[in-house]
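Asker: One structure, pasted below without further comment.
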Amino acid sequence: MSTDPQSAYASRLAARRTELQALLGRERALSRTRMAVAGAGVLTALLFPLRAPTFAAIGAAAVAFVALVIVHERLARRLARVRRRVQFLETALARTNGDWIGRGDPGTAFADEAHPYAADLDLFGRGSLFERLSTARTHAGQERLAAWLARPSAIAVVRARQGAAAELGPQLDLREDLAVLGAEAKGAVDSRSLARWATAEPVAIPRGLRAASFAATGAAALALVAWASGLAEGAPFYLATAAVALCTAYGRAFARRVLDGIGRPAQDLQTLTEIFDRLAACRFEAPRLRELHASLASGDAPGPAIAQLRRWLEIHESRANAFFALIAFYMVWDAQLAAEVEAWRRRYGGPIVGWLAALGELEALASLGTYAFENPEDPFPELEESGPLFDAQALGHPLLARTRAVCNDIRLDAERQMLVVTGSNMSGKSTFLRTVGTNTVLALAGAPVRARALRLSPLSVGASIRVTDSLQDGESRFYAEIKRVRQVLDLARDAAPALFLLDEIFDGTNSAERRVGAEAVVRSLVTRRAIGLVTSHDLALAEIAVSLAPRAENVHFEDHLEGERIAFDYRLKPGPVQRGNALGLMRAVGLEV
């Protein structure tokens with residue numbers, strides 16, 4: 001298989017499209033054949049006398065038509081699956097071309113305005129990091145990936161994910177199957193409600209119900225045999241029948257409570273069976289993948305357990321048959337089946353949660369592996385146990401096209417904890433903060449990063465970049481900002497050092513108060529071993545770095561004139577910026593200043 005993601009996807013897409021066209025041709029031919037068979041049957045009935053040969057011909061046409069319908073349904077399911085494969089590969093190829101926005105799941109359900117960095121770093125929503133990463137199709141997989149992005153993980157856990165993602169990336173067959181089967185499950189399965197059903201409080205089986213039911217059924221069978229053989233009258237059989245009826249009435253409420261709630265969970269489990277079976281057939285080398293595989297392939301494996309439940313329910317649905325309904329009555333079938341289903345749920349309820357968790361983690365790891373495969377130039381970061389440390393070479397924003405992203409070097413550690421980034425409007429200060437923060441989130445989730453190289457230690461990210469006022473809460477932007485800064489300060493008290501990203505800090509107040517407040521905040525952060533960036537276009541704040549030297553340093557972005565147009569190179573340079581561009585920008589849009 002080609003290691004170039006574009007050519008690998010393109011070749012597979014061409015093969016799938018060829019397969020799709022062949023199936024469409026078969027479907028058209030099958031549709032025409034069905035019509036011909038149906039027409040032949042109708043014409044036979046209309047044109048020939050209704051005699052034995054005619055009835056035989058009509059019957060043959062009917063049997064052939066039913067067989068063709070069954071074949072057509074199977075072909076339709078296969079056709080739908082191939083269409084999903086084509087869609088998966090088209091989307092994957094579009095991602096490698098940078099055309100991914102709006103094609104994936106934006107993960108808006110996981111957005112949280114109170115989160116310390118999710119909104120600031122575009123974790124969720126259209127064009128978000130989640131949309132770029134996620135190939136998960138089940139709720140469990142999406143929830144797991146969102147959790148990894150929202151909370152940094154321990155170094156050992158991240159290393160295990162790196163190994164798993166590196167192994168899953170090149171496995172296109174598996175990733176394609178997971179996406180296609182997961183898409184079918186997503187439309188039918190709510191893993192959250194399934195987990196709630198699996199772990200709900202046990203339904204108590206009425207005392208003595210099963211023993212009494214077995215006894216009544218056995219007594220009825222013996223009484224019927226004795227009556228039929230002339231060894232007894234019908235009275236014992238009638239008494240046994242009454243006992244069966246009493247057992248049925250005694251267990252009716254219990255049976256209804258268990259069986260009325262089993263339909264959807266059983267369907268959900270059956271839908272997931274194919275995914276579980278596909279994963280159970282895999283062989284992995286990465287330790288974390290082997291652990292997850294073991295949880296699905298040994299002990300209470302999903303496939304056989306779900307097949308057992310399905311067989312019971314298929315028999316249960318046969319109650320509509322009059323003959324079976326009579327047998328079911330004497331077997332006290334509803335109560336007996338409810339007892340078996342409840343016993344099944346008590347045994348497999350815990351494993352079901354484990355199966356869903358394993359599936360979710362495998363899907364999330366496949367998302368990271370897909371990102372690694374599609375970005376072969378992006379390395380996995382080196383992880384250091386002790387810190388604080390963030391040391392990057394040629395760091396770029398992972399959501400920008402490579403042709404647009406400008407990369408910069410940056411190092412923050414225990415000696416140089418903070419950079420005060422000054423620069424004019426639109427010079428790239430906010431984007432640089434997001435570049436550092438987003439790559440940190442990627443690194444501590446287990447994904448590759450957009451850099452030539454990155455070394456970092458465990459870090460708790462806190463950001464104040466995209467803070468807005470709230471009409472509903474009656475909060476000004478400045479008040480919202482100081483609440484967020486308070487949140488960042490609280491975060492810095494955690495065991496892991498904090499990475500703070502403060503954009504245009506306290507620009508909602510006058511310059512004097514801004515300088516005093518900003519310096520107090522950054523001094524407190526530096527004292528708590530935090531590292532980070534503070535940006536401002538206010539040159540007075542550059543003095544903070546001087547007062548905190550050598551633990552702080554001034555850097556800047558600048559612009560230059562190209563004719564009458566202001567241009568930016570987005571390159572990080574040492575020292576504070578020397579001038580602003582606000583008046584130039586005003587004139588550029590036609591303001592008379």
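Chain labels A, B, ... are given in the sequence in which chains occur in the structure tokens; within each chain residues are numbered consecutively from 1, and ligands are likewise numbered from 1 in the order shown.
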What are the DSSP strand (DSSP E or B) residues of range 407-512 of chain A, as an mmCIF file with C-alpha atoms, in the first residue's frame?

Answerer:
data_model
loop_
_atom_site.group_PDB
_atom_site.id
_atom_site.type_symbol
_atom_site.label_atom_id
_atom_site.label_comp_id
_atom_site.auth_asym_id
_atom_site.auth_seq_id
_atom_site.Cartn_x
_atom_site.Cartn_y
_atom_site.Cartn_z
ATOM 1 C CA ASN A 408 7.775 29.761 14.450
ATOM 2 C CA ASP A 409 10.094 28.386 17.112
ATOM 3 C CA ILE A 410 9.234 28.782 20.783
ATOM 4 C CA ARG A 411 10.646 27.498 24.064
ATOM 5 C CA LEU A 412 9.132 27.954 27.507
ATOM 6 C CA ASP A 413 10.602 26.268 30.582
ATOM 7 C CA MET A 418 6.655 33.711 29.841
ATOM 8 C CA LEU A 419 6.679 35.639 26.590
ATOM 9 C CA VAL A 420 5.002 39.026 26.302
ATOM 10 C CA VAL A 421 3.952 39.175 22.657
ATOM 11 C CA THR A 422 3.360 42.651 21.304
ATOM 12 C CA GLY A 423 2.386 43.634 17.796
ATOM 13 C CA ALA A 453 9.649 18.761 16.537
ATOM 14 C CA LEU A 454 7.970 19.318 19.896
ATOM 15 C CA ARG A 455 8.981 18.372 23.435
ATOM 16 C CA LEU A 456 6.619 19.098 26.296
ATOM 17 C CA SER A 460 -2.956 22.175 32.231
ATOM 18 C CA VAL A 461 -4.143 24.610 29.569
ATOM 19 C CA GLY A 462 -6.003 27.787 30.451
ATOM 20 C CA ALA A 463 -6.853 30.470 27.882
ATOM 21 C CA SER A 464 -8.519 33.838 27.615
ATOM 22 C CA SER A 470 -23.314 38.019 27.985
ATOM 23 C CA GLU A 475 -21.927 40.511 32.132
ATOM 24 C CA ALA A 498 -0.305 25.426 33.780
ATOM 25 C CA LEU A 499 0.094 26.748 30.258
ATOM 26 C CA PHE A 500 -1.615 30.153 30.198
ATOM 27 C CA LEU A 501 -2.629 31.934 26.984
ATOM 28 C CA LEU A 502 -3.897 35.458 27.675
#

Asker: Please provide the set of residues having any atom within 8 Å of Arg132 in chain A, restricted to only C-alpha atoms, with same-chain residues fewer than 3 positions apart removed, written as an MDAnalysis selection string.

Answerer: chainID A and resid 95 100:101 104 127:129 399

Asker: Could you please take those selected residues and save N, CA and C atoms as a JSON list (two decimals), in the first residue's frame?

Answerer:
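Result written to part_9.json:
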[["chain", "number", "residue", "atom", "x", "y", "z"],
["A", 95, "ARG", "N", -10.13, 15.55, 2.90],
["A", 95, "ARG", "CA", -9.32, 16.03, 4.03],
["A", 95, "ARG", "C", -7.87, 16.21, 3.62],
["A", 100, "TRP", "N", -12.00, 20.02, 4.27],
["A", 100, "TRP", "CA", -12.64, 19.20, 5.30],
["A", 100, "TRP", "C", -13.72, 19.93, 6.07],
["A", 101, "ILE", "N", -13.73, 21.25, 6.02],
["A", 101, "ILE", "CA", -14.69, 22.01, 6.82],
["A", 101, "ILE", "C", -16.11, 21.77, 6.31],
["A", 104, "GLY", "N", -17.42, 16.91, 8.21],
["A", 104, "GLY", "CA", -17.41, 16.00, 9.35],
["A", 104, "GLY", "C", -18.38, 16.44, 10.43],
["A", 127, "GLY", "N", -15.51, 23.81, 11.50],
["A", 127, "GLY", "CA", -14.11, 24.15, 11.30],
["A", 127, "GLY", "C", -13.25, 23.93, 12.52],
["A", 128, "SER", "N", -13.69, 23.07, 13.43],
["A", 128, "SER", "CA", -13.01, 22.89, 14.72],
["A", 128, "SER", "C", -11.99, 21.77, 14.66],
["A", 129, "LEU", "N", -11.22, 21.66, 15.72],
["A", 129, "LEU", "CA", -10.26, 20.58, 15.85],
["A", 129, "LEU", "C", -10.98, 19.23, 15.89],
["A", 399, "LEU", "N", -4.95, 23.62, 11.97],
["A", 399, "LEU", "CA", -6.19, 23.80, 11.22],
["A", 399, "LEU", "C", -6.02, 24.69, 10.00]]

Asker: Do a neighbour search on Ile262 in chain A at 12 Å with only C-alpha atoms, toss out local chain neighbours closer than 5 positions, and write the hits as number ranges by chain.

Answerer: A: 193-194, 197-198, 255-257, 267-269, 309-310, 312-313, 316, 337-338, 340-342, 344-345

Asker: Could those residues be written to a file, using C-alpha atoms, as a short mmCIF file (atom, residue, chain, number, x, y, z; two decimals), in the first residue's frame?

Answerer:
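What landed in part19.cif:
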data_model
loop_
_atom_site.label_atom_id
_atom_site.label_comp_id
_atom_site.auth_asym_id
_atom_site.auth_seq_id
_atom_site.Cartn_x
_atom_site.Cartn_y
_atom_site.Cartn_z
CA SER A 193 -29.49 4.59 26.55
CA LEU A 194 -28.07 1.11 25.93
CA TRP A 197 -30.48 -0.26 30.28
CA ALA A 198 -27.50 -2.53 30.90
CA ALA A 255 -42.73 -10.06 32.35
CA ARG A 256 -44.19 -6.81 31.03
CA ARG A 257 -41.64 -4.72 32.89
CA GLN A 267 -31.73 -4.18 18.29
CA ASP A 268 -28.87 -1.88 19.31
CA LEU A 269 -26.75 -4.83 20.43
CA LEU A 309 -30.31 -13.01 23.38
CA ARG A 310 -31.35 -12.68 19.74
CA TRP A 312 -34.67 -15.91 22.59
CA LEU A 313 -36.32 -12.84 21.15
CA HIS A 316 -40.63 -14.78 21.54
CA LEU A 337 -38.34 -15.63 29.02
CA ALA A 338 -38.39 -12.46 31.16
CA GLU A 340 -33.89 -15.51 31.32
CA VAL A 341 -33.52 -11.99 29.87
CA GLU A 342 -33.16 -10.47 33.31
CA TRP A 344 -28.75 -12.27 30.93
CA ARG A 345 -28.78 -8.55 31.70
#

Asker: Just the residues within 8 Å of range 6-18 of chain A, please, counting only C-alpha atoms, with nothing from its chain fewer than 3 positions along; format it as a list in words.

Answerer: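 The neighbour list is Met1, Ser2, Thr3, Gln21, Ala22, Val82, Arg85, Val86, Leu89, Glu90, Ala92, Leu93, Thr96 and Glu374 of chain A.
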
Asker: Please provide as a PyMOL selection string all residues within 8 Å of Ala38 in chain A, with the sequence filter that same-chain residues fewer than 2 positions apart are discarded (counting only C-alpha atoms).

Answerer: chain A and resi 34-36+40-42+61-62+65

Asker: Can I get the selection written as a compact mmCIF listing (two decimals), in the first residue's frame, with C-alpha atoms?

Answerer:
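What ended up in part_32.txt:
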# COMPACT_ATOMS: atom_id res chain seq x y z
CA ARG A 34 -38.50 -8.90 -11.45
CA MET A 35 -40.79 -6.92 -13.69
CA ALA A 36 -40.50 -9.57 -16.40
CA ALA A 40 -45.17 -13.25 -17.17
CA GLY A 41 -47.25 -14.42 -14.22
CA VAL A 42 -50.00 -11.87 -14.91
CA ALA A 61 -43.61 -17.25 -11.30
CA ALA A 62 -44.66 -16.33 -7.75
CA PHE A 65 -40.62 -13.37 -7.83

Asker: Nearest to Gly141 in chain A among A:Leu259, A:Ala111, A:Val534, A:Leu365, with distances taken over only C-alpha atoms: which residue is it?

Answerer: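 Among A:Leu259, A:Ala111, A:Val534, A:Leu365, it is A:Leu365 that comes nearest to Gly141 in chain A.
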
Asker: For Glu384 in chain A, find every residue with an atom within 12 Å (counting only C-alpha atoms), except residues of its own chain fewer than 5 positions away, and show them as number ranges by chain.

Answerer: A: 154-156, 158-159, 389-391, 413, 443-444, 454-459

Asker: List the spatial neighbours of Gly125 in chain A as a PyMOL selection string - criterion: any atom at most 7 Å away, only C-alpha atoms, same-chain residues fewer than 3 positions off excluded.

Answerer: chain A and resi 106-108+128

Asker: Could you turn the residues from that selection into a file that holds N, CA and C atoms, as a PDB file, in the first residue's frame?

Answerer:
ATOM      1  N   PRO A 106     -19.157  18.323  13.623  1.00  0.00           N
ATOM      2  CA  PRO A 106     -18.513  19.436  14.329  1.00  0.00           C
ATOM      3  C   PRO A 106     -18.421  19.245  15.835  1.00  0.00           C
ATOM      4  N   GLY A 107     -19.146  18.280  16.381  1.00  0.00           N
ATOM      5  CA  GLY A 107     -19.075  18.024  17.823  1.00  0.00           C
ATOM      6  C   GLY A 107     -19.663  19.133  18.673  1.00  0.00           C
ATOM      7  N   THR A 108     -20.644  19.868  18.133  1.00  0.00           N
ATOM      8  CA  THR A 108     -21.216  20.984  18.891  1.00  0.00           C
ATOM      9  C   THR A 108     -21.875  20.527  20.192  1.00  0.00           C
ATOM     10  N   SER A 128     -13.695  23.069  13.430  1.00  0.00           N
ATOM     11  CA  SER A 128     -13.010  22.891  14.721  1.00  0.00           C
ATOM     12  C   SER A 128     -11.985  21.769  14.658  1.00  0.00           C
TER      13      SER A 128
END

Asker: Could you go through range 251-335 of chain A and tell me which residues DSSP, when run on the backbone, assigns to helix (DSSP H, G or I), listing them as a ChimeraX atom specification?

Answerer: /A:251-259,263-280,287-297,302-320,322-330,333-335

Asker: Would you mind telling me which residue in A:Ala249, A:Val488, A:Leu121, A:Ala281 lies nearest to Val332 in chain A when using only C-alpha atoms?

Answerer: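 Smallest distance to Val332 in chain A is found for A:Ala249.
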